[in-house]
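Visitor: Sharing a structure, written as structure tokens. Questions coming.
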Amino acid sequence: MIEILVAAFANFLTRFLPILFLKKHYKRFLFLKEDFPTVLLTILTLYILFPKELDLQILSYELVAIVVTIVIHLLFRRFLLSIFLGSMVYIVLINNFF
Amino acid sequence: MLDKRLFFSAFKDTLPIFISYFALSFSFGILAVKMGLNPYLAIFMSIIIYSGSLQFFLVALFNKLSLFDIFITSFLFNFRQFFYSLTFLERYKNSFYKIFALTDETFAILTHKRENPKYEMYISLLNHAYWIIGTICGVVFVQYIEIKFKGLDFILVTLFIVILLESFLKSKRVFPFILGALSFGIFYLLGVKNLLIFSIFFAFVVLFLRHKND
């Protein structure tokens with residue numbers, strides 16, 4: 001519960017800071033606009049893929065699913081389609097459906 | 001008063017968003033319950049956080065992160081919203097709710113439209129409603145249909161991968177990916193305890209120094 005409130009508060013801050021008191025200083029943060037979101041998302045993705053105790057079997061499933069996601073996305077450029085087919089591949093692999 | 005014609009046109013303009021918000025928040029609802037979160041808290045999250053990838057991230061990693069991790073990650077994760085609010089500073093002046101509900105998709109629709117407070121409010125409310133309704137449906141769905149397989153949380157990874165791929169296709173730049181991988185790689189190999197914070201901070205410093213030298 002407290003986790004949710006902390007996250008919500010942090011999220012509020014991102015939306016309200018410019019209006020509250022950064023009107024004059026926002027130019028200082030503009031350098032973050034271009035690259036930072038991608039850098040951060042790269043870090044978060046790797047953080048999820050590489051837990052402290054790495055299981056190579058799981059990692060290999062993850063990599064296959066990621067490649068499938070990328071290929072499907074390059075072919076169709078449909079956000080939801082890529083997400084669902086990619087996740088499906090992972091679910092099939094990890095549950096040994098075949 | 002509700003302007004019916006305007007509301008209907010807002011509804012039409014948000015239909016594509018309805019599909020993607022509903023599908024994503026529906027999956028979020030299922031995943032949250034599967035990860036052991038109280039269904040009401042899942043719905044509560046969609047109401048007060050209302051940020052897709054952040055919510056997925058939180059339910060997937062709740063028990064692995066400290067409060068400080070959660071604060072820093074949530075803040076930086078959605079830092080791009082800072083720029084949306086900034087862009088709409090004049091337009092939105094006093095509307096607390098509209099600023100709160102300024103998501104990527106809402107921003108995307110409204111940047112192309114002329115200023116119209118009522119229309120903006122309808123768009124914001126509708127998108128937020130789709131998000132909450134999808135979550136409720138997901139949470140309810142999982143009560144009746146038992147999901148026996150595992151791996152549903154991988155939606156988070158595919159979601160991130162698609163966002164990253166889109167960002168690459170648009171910018172055609174590899175620098176942010178290399179910096180991200182490097183920041184993570186260094187601290188992962190060092191076996192640092194607060195891996196996430198260290199990597200994020202390192203990347204931030206590099207970007208800052210690079211900016212200073214320009």
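Labels for the structure tokens follow display order: chains A, B, ..., residues from 1 in each chain, ligands from 1.
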Set the distance at 7 Å and use only C-alpha atoms: which residues neighbour region 152-156 of chain B once local chain neighbours fewer than 2 positions away are removed? I'd like the list as a list of chain:residue names.
Guide: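 Result of the neighbour search: A:Ile83, A:Ser87, A:Ile91, B:Leu31, B:Phe56, B:Phe57, B:Ala60, B:Lys150, B:Thr158, B:Leu159, B:Phe160.
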Visitor: Residues of chain A that approach chain B to 6 Å or less, counting only C-alpha atoms: could you list each one with the shortest pair of atoms and its distance in Å to one decimal, rows by chain and increasing residue number, as JSON lines?
Guide:
```
{"residue": "A:Val6", "atom": "CA", "partner": "B:Phe71", "partner_atom": "CA", "distance": 5.9}
{"residue": "A:Ala7", "atom": "CA", "partner": "B:Ser74", "partner_atom": "CA", "distance": 5.6}
{"residue": "A:Ala8", "atom": "CA", "partner": "B:Ile49", "partner_atom": "CA", "distance": 4.9}
{"residue": "A:Ala10", "atom": "CA", "partner": "B:Phe75", "partner_atom": "CA", "distance": 4.7}
{"residue": "A:Asn11", "atom": "CA", "partner": "B:Phe75", "partner_atom": "CA", "distance": 5.7}
{"residue": "A:Thr14", "atom": "CA", "partner": "B:Phe82", "partner_atom": "CA", "distance": 5.0}
{"residue": "A:Arg15", "atom": "CA", "partner": "B:Phe82", "partner_atom": "CA", "distance": 5.3}
{"residue": "A:Pro18", "atom": "CA", "partner": "B:Leu86", "partner_atom": "CA", "distance": 5.6}
{"residue": "A:Asp35", "atom": "CA", "partner": "B:Pro176", "partner_atom": "CA", "distance": 5.6}
{"residue": "A:Thr38", "atom": "CA", "partner": "B:Pro176", "partner_atom": "CA", "distance": 5.9}
{"residue": "A:Val39", "atom": "CA", "partner": "B:Gly180", "partner_atom": "CA", "distance": 4.5}
{"residue": "A:Thr42", "atom": "CA", "partner": "B:Gly180", "partner_atom": "CA", "distance": 5.3}
{"residue": "A:Ile43", "atom": "CA", "partner": "B:Gly180", "partner_atom": "CA", "distance": 5.2}
{"residue": "A:Ile83", "atom": "CA", "partner": "B:Thr158", "partner_atom": "CA", "distance": 5.2}
{"residue": "A:Ser87", "atom": "CA", "partner": "B:Ile155", "partner_atom": "CA", "distance": 5.4}
{"residue": "A:Ile91", "atom": "CA", "partner": "B:Gly151", "partner_atom": "CA", "distance": 5.1}
```
Visitor: Write out as an mmCIF file with C-alpha atoms, in the first residue's frame the residues lying within 9 Å of Cys137 (chain B), counting only C-alpha atoms and excluding same-chain residues fewer than 6 positions away.
Guide:
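And here's around-v2.cif as it stands now:
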```cif
data_model
loop_
_atom_site.group_PDB
_atom_site.id
_atom_site.type_symbol
_atom_site.label_atom_id
_atom_site.label_comp_id
_atom_site.auth_asym_id
_atom_site.auth_seq_id
_atom_site.Cartn_x
_atom_site.Cartn_y
_atom_site.Cartn_z
ATOM 1 C CA PHE B 22 -8.302 -1.446 -22.429
ATOM 2 C CA SER B 25 -4.974 -2.322 -18.352
ATOM 3 C CA PHE B 26 -6.913 -5.581 -18.671
ATOM 4 C CA GLY B 29 -5.416 -6.245 -13.757
ATOM 5 C CA ILE B 30 -4.785 -9.931 -14.393
#
```
Visitor: List the neighbours of Glu62 (chain A) out to 9 Å using only C-alpha atoms; skip same-chain residues closer than 4 positions along the sequence, and give me the result as a count of residues only.
Guide: 10
Visitor: Using only C-alpha atoms, can you tell me which of B:Lys12, B:Phe202, B:Arg5, B:Ile17 comes closest to Leu80 (chain A)?
Guide: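 Distance minimum relative to Leu80 (chain A) lands on B:Ile17.
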